[in-house]
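Peer 1: After the structure tokens below, expect a handful of questions from me.
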Amino acid sequence: SSLIYDFSQSELKEIFKDWGEPPYRAKQIWEGLYKHLYDTPSEFTTIPTPLRKKLEREFDWNPLSPVTILNSSDKQTIKTLLKLRDGNLIEAVLMKYSGSSDYSSDNDSSLHNGSKSIVLREKKRRTLCISSQVGCGMGCVFCATGQIGFKRNLSSGEILAQVIYYARLLSKVKERVSNVVLMGMGEPFQNYDNVMVAIDRLNASDGFALGARRFTISTVGLVPAIRRFADEKRQINLAVSLHQINNEKRSEIMPINRKWNLDELLNACRYYVQKTNRRVTFEWALINGENDSENTAIELSERLKGIHCHINAIPLNPTGGYSGQATSRQRAAKFKETLERAGFSCTIRMRRGIDIQAGCGQLAGSFV
Ligand code: SAH
Ligand code: SF4
């Protein structure tokens with residue numbers, strides 16, 4: 001049967017009309033799902049019992065069942081293996097950040113500390129990292145999801161249900177989801193429409209009401225999709241996975257670079273910044289001896305000159321199918337310093353949930 005989260009409010013309205021029910025039923029269902037986070041028709045106490053029974057029969061209410069839940073040793077990261085109705089497995093990760101120790105050079109609301117501009121991020125960030133596909137067909141060699149290959153796209157309902165799943169969990173301790181990043185399994189721009197529908201649905205002010213700016217889409221660099229995204233002028237944040245600034249080297253680890261090279265990619269990023277007036281984030285997985293030298297940082301800064309951007313570097317997370325190693329703390333700090341000296345903002349992201357294989361690129365849909 002059809003997944004209830006796959007329907008818009010107006011589609012629900014149509015269905016109720018067909019059923020001879022008043023149109024306000026759609027609003028009741030909508031609010032139940034996205035405001036009160038009900039997960040079964042029995043919780044909709046304002047709806048008459050026969051209709052609840054019909055809703056139970058006609059729709060699938062439970063798209064994702066948790067198979068395994070892992071807590072990192074520092075209790076700040078939770079990874080859940082979720083089973084879809086067809087038996088496929090995806091992963092979604094919750095990352096907790098709590099105020100004071102969490103400084104970064106982000107430009108949300110800077111305060112000054114000596115010569116260095118820093119930001120105290122809002123307390124209690126609750127960031128979800130969700131999946132957009134089962135597996136991924138982009139074949140980046142350093143990524144565990146890439147190593148399993150592409151299985152299928154997730155529906156809009158399957159994408160947003162990951163957020164609802166964690167929102168329910170958080171609501172039990174009176175907390176809310178604050179940010180959602182599409183950095184789990186899959187290439188979100190390869191499943192463009194479903195991803196946008198999912199975000200729009202979570203965005204709706206009469207429902208879940210999570211602002212567009214709270215979402216970040218990370219792409220491997222699908223140039224036409226970046227341009228389309230720019231044309232649509234959405235308020236969603238864009239992150240582009242770069243990792244190398246030399247075409248030959250980038251093609252070696254990211255096959256997509258053979259289709260759209262660095263010139264085409266950076267031009268699309270310029271177009272995005274121009275169209276939206278927003279900065280783009282470049283992701284850089286620091287791999288020891290591969291892309292973490294001072295020279296590489298200088299080359300990177302030269303190529304990115306004139307693009308309003310932020311560089312998000314993260315020491316590589318280990319995966320089974322790739323021999324590359326993480327950069328040392330010192331080399332990472334030096335890399336950041338070099339970029340900052342060249343006038344760029346750069347953060348070294350903490351590696352999170354490594355002990356439970358919940359780091360970027362470690363999601364493989366299996367627990368070994
Ligand atoms: N497909 C999208 C989003 C999912 S991957 C993309 O590639 O951008 C999310 C981020 O994790 C990307 O920046 C990706 O390059 C990075 N990543 C993948 N494997 C990694 C690894 N082993 N260590 C660190 N980052 C990794
Ligand atoms: Fe796919 Fe992103 Fe992994 Fe590349 S890094 S294989 S695009 S999920």
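Ordering of the structure tokens sets the chain letters (A, B, ...); residue numbers start at 1 within each chain; ligands are numbered from 1 in the order shown.
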Using only C-alpha atoms and all ligand atoms, find each residue with an atom at most 9 Å away from ligand 1 and format the answer as a VMD selection string.

Peer 2: chain A and resid 129 to 132 136 138 140 to 146 181 to 190 217 to 221 239 to 243 254 282 to 287 312 to 319 322 324 326 351 359 to 363

Peer 1: Can you pull out the residues contacting Tyr166 (chain A)? Cut-off 8 Å, using only C-alpha atoms, and skip same-chain residues under 5 positions away; I want them as a short mmCIF file (atom, residue, chain, number, x, y, z; two decimals) with all heavy atoms, in the first residue's frame.

Peer 2:
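Saved result, result.cif, follows:
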data_model
loop_
_atom_site.label_atom_id
_atom_site.label_comp_id
_atom_site.auth_asym_id
_atom_site.auth_seq_id
_atom_site.Cartn_x
_atom_site.Cartn_y
_atom_site.Cartn_z
N LEU A 94 22.16 10.78 14.08
CA LEU A 94 21.89 11.98 14.87
C LEU A 94 23.17 12.42 15.55
O LEU A 94 23.84 11.61 16.18
CB LEU A 94 20.81 11.68 15.93
CG LEU A 94 20.64 12.69 17.06
CD1 LEU A 94 20.15 14.04 16.54
CD2 LEU A 94 19.68 12.16 18.11
N LEU A 128 20.77 16.04 11.97
CA LEU A 128 20.55 14.72 11.39
C LEU A 128 21.28 14.61 10.08
O LEU A 128 21.26 15.54 9.27
CB LEU A 128 19.06 14.49 11.11
CG LEU A 128 18.09 14.54 12.26
CD1 LEU A 128 16.70 14.18 11.75
CD2 LEU A 128 18.52 13.60 13.36
N VAL A 177 14.72 18.61 16.28
CA VAL A 177 15.72 18.57 15.21
C VAL A 177 16.03 20.01 14.83
O VAL A 177 15.11 20.80 14.60
CB VAL A 177 15.14 17.84 13.98
CG1 VAL A 177 16.11 17.91 12.80
CG2 VAL A 177 14.80 16.39 14.32
#

Peer 1: Taking 6 positions as the minimum chain separation for residues in the same chain, which residues sit within 7 Å of Ala268 (chain A) when counting only C-alpha atoms? Answer as a list in words.

Peer 2: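 Non-adjacent residues within range: Val223, Ile226 and Arg227 of chain A.
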
Peer 1: Could those selected residues go to a file with N, CA and C atoms, as a PDB file, in the first residue's frame?

Peer 2:
ATOM      1  N   VAL A 223      26.848  18.846 -12.292  1.00  0.00           N
ATOM      2  CA  VAL A 223      26.826  20.232 -12.753  1.00  0.00           C
ATOM      3  C   VAL A 223      25.435  20.723 -13.190  1.00  0.00           C
ATOM      4  N   ILE A 226      23.335  21.384 -10.158  1.00  0.00           N
ATOM      5  CA  ILE A 226      23.750  22.577  -9.406  1.00  0.00           C
ATOM      6  C   ILE A 226      23.167  23.822 -10.065  1.00  0.00           C
ATOM      7  N   ARG A 227      23.193  23.838 -11.404  1.00  0.00           N
ATOM      8  CA  ARG A 227      22.644  24.991 -12.120  1.00  0.00           C
ATOM      9  C   ARG A 227      21.132  25.097 -11.957  1.00  0.00           C
TER      10      ARG A 227
END

Peer 1: Which neighbours of Glu58 (chain A) fall inside 10 Å, counting only C-alpha atoms, when residues of the same chain fewer than 2 positions from it are skipped, and could you give them as a ChimeraX atom specification?

Peer 2: /A:1-4,52-56,60-61

Peer 1: Determine which residues of region 118-174 of chain A DSSP labels as alpha helix (DSSP H) from the backbone of this structure, then write them out as a ChimeraX atom specification.

Peer 2: /A:144-148,156-171

Peer 1: Create the file for the chosen residues now, containing all heavy atoms and written as a short mmCIF file (atom, residue, chain, number, x, y, z; two decimals), in the first residue's frame.

Peer 2:
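Final output, saved to result-v4.cif:
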data_model
loop_
_atom_site.label_atom_id
_atom_site.label_comp_id
_atom_site.auth_asym_id
_atom_site.auth_seq_id
_atom_site.Cartn_x
_atom_site.Cartn_y
_atom_site.Cartn_z
N ALA A 144 32.27 4.35 1.66
CA ALA A 144 31.70 3.02 1.88
C ALA A 144 30.39 2.83 1.11
O ALA A 144 30.10 1.75 0.60
CB ALA A 144 31.47 2.78 3.36
N THR A 145 29.60 3.91 1.01
CA THR A 145 28.34 3.81 0.26
C THR A 145 28.64 3.58 -1.22
O THR A 145 27.99 2.78 -1.89
CB THR A 145 27.49 5.09 0.42
OG1 THR A 145 27.35 5.38 1.80
CG2 THR A 145 26.13 4.92 -0.21
N GLY A 146 29.63 4.31 -1.73
CA GLY A 146 30.04 4.14 -3.12
C GLY A 146 30.53 2.72 -3.38
O GLY A 146 30.32 2.17 -4.46
N GLN A 147 31.17 2.16 -2.38
CA GLN A 147 31.72 0.82 -2.54
C GLN A 147 30.64 -0.26 -2.69
O GLN A 147 30.88 -1.31 -3.25
CB GLN A 147 32.68 0.49 -1.36
CG GLN A 147 34.00 1.28 -1.45
CD GLN A 147 34.71 1.47 -0.10
OE1 GLN A 147 34.39 0.82 0.89
NE2 GLN A 147 35.68 2.37 -0.06
N ILE A 148 29.39 0.04 -2.21
CA ILE A 148 28.33 -0.97 -2.40
C ILE A 148 27.54 -0.77 -3.71
O ILE A 148 26.83 -1.66 -4.14
CB ILE A 148 27.33 -1.05 -1.21
CG1 ILE A 148 26.66 0.29 -0.94
CG2 ILE A 148 27.98 -1.62 0.01
CD1 ILE A 148 25.62 0.24 0.18
N SER A 156 10.11 10.42 -1.61
CA SER A 156 10.12 11.61 -0.74
C SER A 156 9.73 11.23 0.69
O SER A 156 10.32 11.71 1.66
CB SER A 156 9.17 12.67 -1.30
OG SER A 156 7.85 12.16 -1.37
N GLY A 157 8.74 10.35 0.80
CA GLY A 157 8.28 9.93 2.13
C GLY A 157 9.34 9.17 2.90
O GLY A 157 9.49 9.33 4.11
N GLU A 158 10.10 8.35 2.19
CA GLU A 158 11.18 7.60 2.87
C GLU A 158 12.29 8.54 3.32
O GLU A 158 12.94 8.30 4.34
CB GLU A 158 11.75 6.53 1.92
CG GLU A 158 10.80 5.35 1.70
CD GLU A 158 11.26 4.40 0.60
OE1 GLU A 158 11.90 4.86 -0.38
OE2 GLU A 158 10.99 3.19 0.71
N ILE A 159 12.52 9.59 2.55
CA ILE A 159 13.55 10.56 2.94
C ILE A 159 13.10 11.32 4.18
O ILE A 159 13.82 11.40 5.17
CB ILE A 159 13.85 11.53 1.77
CG1 ILE A 159 14.46 10.77 0.59
CG2 ILE A 159 14.78 12.65 2.23
CD1 ILE A 159 14.50 11.56 -0.71
N LEU A 160 11.89 11.86 4.14
CA LEU A 160 11.48 12.70 5.27
C LEU A 160 11.14 11.88 6.51
O LEU A 160 11.26 12.37 7.64
CB LEU A 160 10.33 13.62 4.87
CG LEU A 160 8.94 13.05 4.62
CD1 LEU A 160 8.14 12.96 5.92
CD2 LEU A 160 8.21 13.93 3.63
N ALA A 161 10.78 10.62 6.33
CA ALA A 161 10.45 9.78 7.49
C ALA A 161 11.67 9.57 8.39
O ALA A 161 11.52 9.33 9.59
CB ALA A 161 9.89 8.44 7.03
N GLN A 162 12.87 9.67 7.83
CA GLN A 162 14.08 9.57 8.67
C GLN A 162 14.12 10.73 9.66
O GLN A 162 14.53 10.56 10.81
CB GLN A 162 15.34 9.60 7.80
CG GLN A 162 15.42 8.47 6.78
CD GLN A 162 16.53 8.72 5.76
OE1 GLN A 162 17.71 8.78 6.10
NE2 GLN A 162 16.16 8.90 4.50
N VAL A 163 13.69 11.90 9.20
CA VAL A 163 13.67 13.07 10.07
C VAL A 163 12.58 12.91 11.14
O VAL A 163 12.82 13.17 12.32
CB VAL A 163 13.45 14.36 9.25
CG1 VAL A 163 13.37 15.58 10.16
CG2 VAL A 163 14.56 14.53 8.21
N ILE A 164 11.43 12.45 10.69
CA ILE A 164 10.32 12.25 11.63
C ILE A 164 10.69 11.21 12.70
O ILE A 164 10.39 11.37 13.88
CB ILE A 164 9.04 11.79 10.88
CG1 ILE A 164 8.64 12.83 9.81
CG2 ILE A 164 7.90 11.53 11.85
CD1 ILE A 164 8.19 14.17 10.33
N TYR A 165 11.39 10.17 12.27
CA TYR A 165 11.81 9.11 13.20
C TYR A 165 12.63 9.71 14.35
O TYR A 165 12.35 9.47 15.53
CB TYR A 165 12.64 8.05 12.45
CG TYR A 165 13.34 7.08 13.36
CD1 TYR A 165 12.68 5.96 13.87
CD2 TYR A 165 14.67 7.30 13.76
CE1 TYR A 165 13.32 5.08 14.74
CE2 TYR A 165 15.32 6.42 14.62
CZ TYR A 165 14.63 5.33 15.11
OH TYR A 165 15.27 4.47 15.98
N TYR A 166 13.62 10.51 14.00
CA TYR A 166 14.47 11.11 15.04
C TYR A 166 13.74 12.22 15.81
O TYR A 166 13.97 12.43 16.99
CB TYR A 166 15.78 11.63 14.46
CG TYR A 166 16.85 10.58 14.32
CD1 TYR A 166 17.30 10.15 13.09
CD2 TYR A 166 17.41 10.00 15.47
CE1 TYR A 166 18.29 9.18 12.97
CE2 TYR A 166 18.40 9.03 15.36
CZ TYR A 166 18.84 8.63 14.12
OH TYR A 166 19.81 7.67 14.02
N ALA A 167 12.88 12.94 15.11
CA ALA A 167 12.13 14.01 15.78
C ALA A 167 11.28 13.44 16.91
O ALA A 167 11.17 14.02 17.99
CB ALA A 167 11.25 14.74 14.77
N ARG A 168 10.71 12.29 16.65
CA ARG A 168 9.89 11.60 17.66
C ARG A 168 10.74 11.20 18.86
O ARG A 168 10.37 11.40 20.01
CB ARG A 168 9.32 10.34 17.00
CG ARG A 168 7.90 10.05 17.35
CD ARG A 168 7.41 8.87 16.52
NE ARG A 168 6.65 9.27 15.36
CZ ARG A 168 6.71 8.68 14.17
NH1 ARG A 168 7.54 7.65 13.97
NH2 ARG A 168 5.96 9.10 13.19
N LEU A 169 11.92 10.67 18.55
CA LEU A 169 12.86 10.26 19.59
C LEU A 169 13.26 11.47 20.45
O LEU A 169 13.26 11.41 21.68
CB LEU A 169 14.10 9.70 18.90
CG LEU A 169 14.88 8.60 19.57
CD1 LEU A 169 14.17 7.27 19.31
CD2 LEU A 169 16.27 8.55 18.96
N LEU A 170 13.57 12.58 19.77
CA LEU A 170 14.00 13.78 20.47
C LEU A 170 12.86 14.40 21.27
O LEU A 170 13.08 14.95 22.35
CB LEU A 170 14.56 14.81 19.48
CG LEU A 170 15.94 14.48 18.89
CD1 LEU A 170 16.27 15.44 17.74
CD2 LEU A 170 17.02 14.58 19.97
N SER A 171 11.64 14.30 20.73
CA SER A 171 10.51 14.94 21.42
C SER A 171 10.27 14.29 22.79
O SER A 171 9.76 14.93 23.70
CB SER A 171 9.25 14.92 20.56
OG SER A 171 8.68 13.63 20.59
#

Peer 1: Could you please determine the separation between CA of Arg329 (chain A) and CA of Ile348 (chain A) in Å, to one decimal place?

Peer 2: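 CA of Arg329 (chain A) sits 9.4 Å away from CA of Ile348 (chain A).
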
Peer 1: Measuring between only C-alpha atoms and all ligand atoms, which one of A:Arg250, A:Lys275, A:His308, A:Arg331 shows the shortest distance to ligand 2?

Peer 2: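 Comparing A:Arg250, A:Lys275, A:His308, A:Arg331 against ligand 2, the winner is A:Arg250.
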
Peer 1: Set the distance at 7 Å and use only C-alpha atoms: which residues neighbour Ser65 (chain A) once local chain neighbours fewer than 3 positions away are removed? I'd like the list as a list in words.

Peer 2: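 With the cut-off at 7 Å, the set is Leu82, Lys83 and Leu84 of chain A.
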
Peer 1: Can you tell me, as a ChimeraX atom specification, what residues are no more than 12 Å from Ile15 (chain A) when counting only C-alpha atoms, ignoring any on the same chain fewer than 3 positions away?

Peer 2: /A:4,7-12,18-26,29,55,58-59

Peer 1: Measuring between only C-alpha atoms and all ligand atoms, which one of A:Asn88, A:Thr327, A:Ser251, A:Asn291 shows the shortest distance to ligand 2?

Peer 2: A:Ser251
